[in-house]
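The structure under discussion appears below in the form of structure tokens.
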Amino acid sequence: MGSNTEGTREGSLGAPTRHALDWKNPQFYQEQNLFAELERVFDICHGCRRCFSLCNAFPTLFDAIDESDSMELDGVPREVYWKVVDHCYLCDMCYMTKCPYVPPHEWNVDFPHLMLRAKAVRFKQGTVSARDRILTSTDTVGRLAGIPVINRFVNAANQNKSGRKLLDKVLGVHPDAIVPKYHSKTLRKRITRASGDGAQAAGATTGKVVMFATCYGNYNEPGIGEDLAAIFEHNDIPVTLARKEQCCGMPKLELGDLESVRAARDANIPELLRMIEDGWDIVAPIPSCVLMYKQELPLMFPDDADVARVKNAIYDPFEYLMLRHKHGKLKIDFKQPLGLVAYHVACHLRVQNIGMKTRDILQLVPGTTVEAIERCSGHDGTYAVKKEFHEISMKICRPVVNRVVRANAKHYSSDCPMAGHQIENGMHAGKPPVHPLTLLRMAYGI
């Protein structure tokens, strides 16, 4: 296609902009209209190929073109288009770091949101598997697996070969994938709610935060949220929880179930807005959940003023701490050096465009050096555990694992705990990751 290598680049030097997701338009779900846009964008990608080293969506597309009779997109059957969609897990790295044709460029390429549209079309058609519906129902699975008797059975089954073979056969979860443990004593049962008295504002921060526990933080690794609360309270920042919360909606977004995302918004936004109106800021320990409120919900509901208010009030934990530090409100009474830390920068943190605040905070600790690794782990919450994608996900993660091994660091870490365990799976060394919040709490000695 000639326009792949020719044509104007007027406006392409401007900062990338993101158009709202036009998901309420009936044409959004028309398959013929979808495939016309897939063909347009895939042809542009074919003429560029800068993203060949990212996720497996691009090699799947490029290999199919190269192996076709015409060696052009017109020789690729449409079944391959769906394979490309399956391999996109919406990390946004192509949009944020590679593609020269994102808006304001006139070619208006938004590959991740086009893949999201395709997933939404397929979901609307009812062709999504029961396995995928279950894996993305994080609240339901977490509540069920958190029942004490069931909890012991689930965790035991997930740790033995027979149980994993059954999980593979019944749900298509790869037996070598690390699956999370479930806790009956969830994070929301562990955190003592603070009143907010004595909070000290600094810059844009009010000095008191409501923690959005998140599904993973609540059911699977509540210790991360406990570390967050301990660190913030050590810095005289009261921490509380919203009266109630549901999953942020990110798993359902990645499934293409946009109505469930709407339902999650309807449940969570009023509760978070109530806390904002009472003077609380919001933090969440999982980058994907922060991104959901900072980017995806505002793009789905661009005219919703309440969504915009939550967007402006939610922070990554280390972003929040760095804002406090700039105003002299962060305690630096560290008691324990951390040595060399191999730090994987999670994709859903990178695309928030806040810089490496985790690295910067950890490097305030004397005797600490942080080696940042900016490369996708290939996990994505569900992609890496699925039978058909696990080995590919580990291939994507291999460069990260190699960097961690070469660093020979005292600790390795990722803001995304699932990415951390993906790296652990690739190392085969029995050494678990340590979350950055846990590292910071260790440094404080609290």
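The chains in the structure tokens are called A, B, ... from first to last as shown; in each chain the residues are counted from 1, and the ligands are counted from 1 in the order shown.
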
- In range 115-361 of chain A, DSSP helix (DSSP H, G or I) residues written as a PyMOL selection string: chain A and resi 115-125+130-135+138-145+148-158+161-171+187-190+215-220+222-234+250-255+258-277+287-300+305-313+317-326+347-350+357-361

Take the residues from that selection and write them out as a CSV table (one decimal), in the first residue's frame, keeping C-alpha atoms.
```csv
chain,number,residue,atom,x,y,z
A,115,MET,CA,-8.0,-4.7,19.2
A,116,LEU,CA,-10.4,-3.8,22.1
A,117,ARG,CA,-13.1,-3.0,19.6
A,118,ALA,CA,-12.6,-6.4,17.9
A,119,LYS,CA,-12.7,-8.1,21.3
A,120,ALA,CA,-16.0,-6.2,22.1
A,121,VAL,CA,-17.5,-7.3,18.7
A,122,ARG,CA,-16.6,-10.9,19.5
A,123,PHE,CA,-18.0,-10.7,23.0
A,124,LYS,CA,-21.2,-9.2,21.6
A,125,GLN,CA,-21.5,-12.1,19.2
A,130,ALA,CA,-16.5,-20.0,29.5
A,131,ARG,CA,-12.9,-20.2,30.7
A,132,ASP,CA,-12.3,-16.6,29.7
A,133,ARG,CA,-15.6,-15.5,31.4
A,134,ILE,CA,-14.5,-17.2,34.6
A,135,LEU,CA,-10.9,-15.9,34.7
A,138,THR,CA,-12.2,-11.8,39.7
A,139,ASP,CA,-14.6,-10.7,42.4
A,140,THR,CA,-16.7,-13.8,42.1
A,141,VAL,CA,-13.7,-16.2,42.0
A,142,GLY,CA,-12.0,-14.3,44.8
A,143,ARG,CA,-15.1,-14.4,47.1
A,144,LEU,CA,-15.6,-18.1,46.4
A,145,ALA,CA,-12.0,-19.1,46.8
A,148,PRO,CA,-12.1,-20.9,54.5
A,149,VAL,CA,-12.9,-24.5,53.6
A,150,ILE,CA,-12.8,-23.9,49.9
A,151,ASN,CA,-9.7,-21.7,50.3
A,152,ARG,CA,-7.6,-24.5,51.7
A,153,PHE,CA,-8.7,-26.8,48.9
A,154,VAL,CA,-8.1,-24.3,46.1
A,155,ASN,CA,-4.7,-23.4,47.3
A,156,ALA,CA,-3.7,-27.0,47.8
A,157,ALA,CA,-5.0,-28.0,44.4
A,158,ASN,CA,-3.1,-25.1,42.7
A,161,LYS,CA,0.5,-31.7,39.8
A,162,SER,CA,-2.8,-33.6,39.9
A,163,GLY,CA,-4.7,-30.4,40.7
A,164,ARG,CA,-2.9,-28.5,37.9
A,165,LYS,CA,-3.7,-31.2,35.4
A,166,LEU,CA,-7.3,-31.0,36.3
A,167,LEU,CA,-7.2,-27.2,36.1
A,168,ASP,CA,-5.7,-27.6,32.6
A,169,LYS,CA,-8.3,-30.1,31.5
A,170,VAL,CA,-11.3,-28.3,32.9
A,171,LEU,CA,-10.3,-24.6,32.3
A,187,LEU,CA,-7.0,-7.0,52.7
A,188,ARG,CA,-10.3,-5.3,53.4
A,189,LYS,CA,-10.5,-7.4,56.6
A,190,ARG,CA,-7.0,-6.4,57.6
A,215,CYS,CA,-9.3,-7.7,43.4
A,216,TYR,CA,-5.7,-9.0,43.3
A,217,GLY,CA,-4.6,-6.9,46.3
A,218,ASN,CA,-7.7,-7.9,48.3
A,219,TYR,CA,-7.9,-11.6,47.6
A,220,ASN,CA,-4.5,-12.7,46.4
A,222,PRO,CA,-3.1,-8.6,50.8
A,223,GLY,CA,0.4,-8.1,52.2
A,224,ILE,CA,1.1,-5.6,49.5
A,225,GLY,CA,-1.8,-3.4,50.7
A,226,GLU,CA,-0.7,-3.8,54.3
A,227,ASP,CA,2.8,-2.6,53.3
A,228,LEU,CA,1.3,0.4,51.6
A,229,ALA,CA,-0.7,1.3,54.6
A,230,ALA,CA,2.3,0.9,56.9
A,231,ILE,CA,4.4,3.1,54.7
A,232,PHE,CA,1.8,5.9,54.4
A,233,GLU,CA,1.0,5.8,58.1
A,234,HIS,CA,4.7,6.0,58.9
A,250,MET,CA,-9.9,-4.0,33.7
A,251,PRO,CA,-10.3,-7.8,33.3
A,252,LYS,CA,-13.7,-7.3,31.6
A,253,LEU,CA,-12.3,-4.6,29.5
A,254,GLU,CA,-9.6,-6.9,28.2
A,255,LEU,CA,-12.4,-9.5,27.5
A,258,LEU,CA,-17.8,-3.3,27.9
A,259,GLU,CA,-21.2,-3.4,29.6
A,260,SER,CA,-19.6,-5.1,32.7
A,261,VAL,CA,-17.1,-2.3,32.7
A,262,ARG,CA,-20.0,0.2,32.8
A,263,ALA,CA,-21.5,-1.7,35.7
A,264,ALA,CA,-18.1,-1.6,37.6
A,265,ARG,CA,-18.1,2.2,37.0
A,266,ASP,CA,-21.6,2.6,38.3
A,267,ALA,CA,-20.6,0.7,41.4
A,268,ASN,CA,-17.2,2.3,42.2
A,269,ILE,CA,-17.4,5.9,41.0
A,270,PRO,CA,-20.1,7.1,43.4
A,271,GLU,CA,-18.2,5.5,46.4
A,272,LEU,CA,-14.9,7.0,45.4
A,273,LEU,CA,-16.5,10.4,44.6
A,274,ARG,CA,-18.0,10.4,48.1
A,275,MET,CA,-14.5,10.0,49.5
A,276,ILE,CA,-13.1,12.7,47.3
A,277,GLU,CA,-15.8,15.1,48.5
A,287,PRO,CA,-0.9,-0.3,38.3
A,288,SER,CA,-3.7,-1.7,36.0
A,289,CYS,CA,-6.4,-0.5,38.4
A,290,VAL,CA,-4.9,3.0,38.6
A,291,LEU,CA,-4.6,3.0,34.8
A,292,MET,CA,-8.3,2.0,34.5
A,293,TYR,CA,-9.4,5.1,36.4
A,294,LYS,CA,-6.7,7.4,34.8
A,295,GLN,CA,-7.2,6.4,31.2
A,296,GLU,CA,-9.6,3.7,30.2
A,297,LEU,CA,-12.8,4.9,32.0
A,298,PRO,CA,-12.2,8.5,30.9
A,299,LEU,CA,-11.9,7.4,27.3
A,300,MET,CA,-15.0,5.3,27.6
A,305,ALA,CA,-17.7,14.6,35.1
A,306,ASP,CA,-17.6,12.2,38.1
A,307,VAL,CA,-15.2,9.9,36.2
A,308,ALA,CA,-13.0,12.9,35.4
A,309,ARG,CA,-12.9,13.9,39.1
A,310,VAL,CA,-11.8,10.4,40.1
A,311,LYS,CA,-9.2,10.5,37.3
A,312,ASN,CA,-7.7,13.6,38.8
A,313,ALA,CA,-7.7,12.3,42.4
A,317,PRO,CA,1.5,4.9,45.5
A,318,PHE,CA,5.1,6.0,44.5
A,319,GLU,CA,3.8,8.9,42.5
A,320,TYR,CA,2.0,10.1,45.6
A,321,LEU,CA,5.0,9.6,47.8
A,322,MET,CA,7.2,11.5,45.4
A,323,LEU,CA,4.7,14.4,45.4
A,324,ARG,CA,5.0,14.5,49.1
A,325,HIS,CA,8.8,14.3,49.0
A,326,LYS,CA,8.9,17.4,46.7
A,347,CYS,CA,3.6,-1.7,31.2
A,348,HIS,CA,0.5,-0.3,32.8
A,349,LEU,CA,2.7,1.9,34.9
A,350,ARG,CA,4.8,3.1,32.0
A,357,LYS,CA,8.7,7.3,40.6
A,358,THR,CA,9.2,3.8,42.1
A,359,ARG,CA,12.9,3.8,41.1
A,360,ASP,CA,13.4,7.4,42.3
A,361,ILE,CA,11.8,6.7,45.8
```

- Task: Return as an MDAnalysis selection string the full set of residues in range 189-404 of chain A whose backbone-based DSSP assignment is strand (DSSP E or B).
- Result: chainID A and resid 202 205 209:211 239:241 281:283 314:315 339:344 368:373 386

- Item | Atom pair CA of Ile44 in chain A / CA of Cys91 in chain A: separation (Å) | 19.8 Å

- Can you work out which one of A:Glu391, A:Asp281, A:Asp415, A:Asp110 has the shortest atom-to-atom distance to Arg18 in chain A, counting only C-alpha atoms?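 Checking each candidate against Arg18 in chain A, we get A:Asp110 as the closest.
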
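Excluding Arg49 in chain A and any residue on its chain fewer than 5 positions from it, the residues at most 12 Å away by only C-alpha atoms are Asn4, Thr5, Val41, Phe42, Asp43, Ile44, Leu54, Ala57, Phe58, Pro59, Thr60, Leu61, Phe62, Asp63, Ile65, Cys94, Lys98, Cys99, Pro100 and Tyr101 of chain A.
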
- Message: Please list as a count of residues only every residue within 9 Å of Ala199 in chain A, counting only C-alpha atoms and excluding residues in the same chain fewer than 5 positions away.
- Response: 6

- Expressed in Å, the length from CA of Arg403 in chain A to CA of Val351 in chain A is 21.3 Å

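One distance worth recording is that between CA of Thr192 in chain A and CA of Asn235 in chain A, which is 16.4 Å.
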
- Can you work out which one of A:Pro77, A:Pro104, A:Gly445, A:Pro417 has the shortest atom-to-atom distance to Lys335 in chain A, counting only C-alpha atoms?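 Selected residue with least distance to Lys335 in chain A: A:Gly445.
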
- Hey, which of A:Thr17, A:Thr382, A:Ser414, A:Gln352 ends up closest to Ile178 in chain A? Count only C-alpha atoms.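 Checking each of A:Thr17, A:Thr382, A:Ser414, A:Gln352 against Ile178 in chain A, counting only C-alpha atoms, the winner is A:Thr382.
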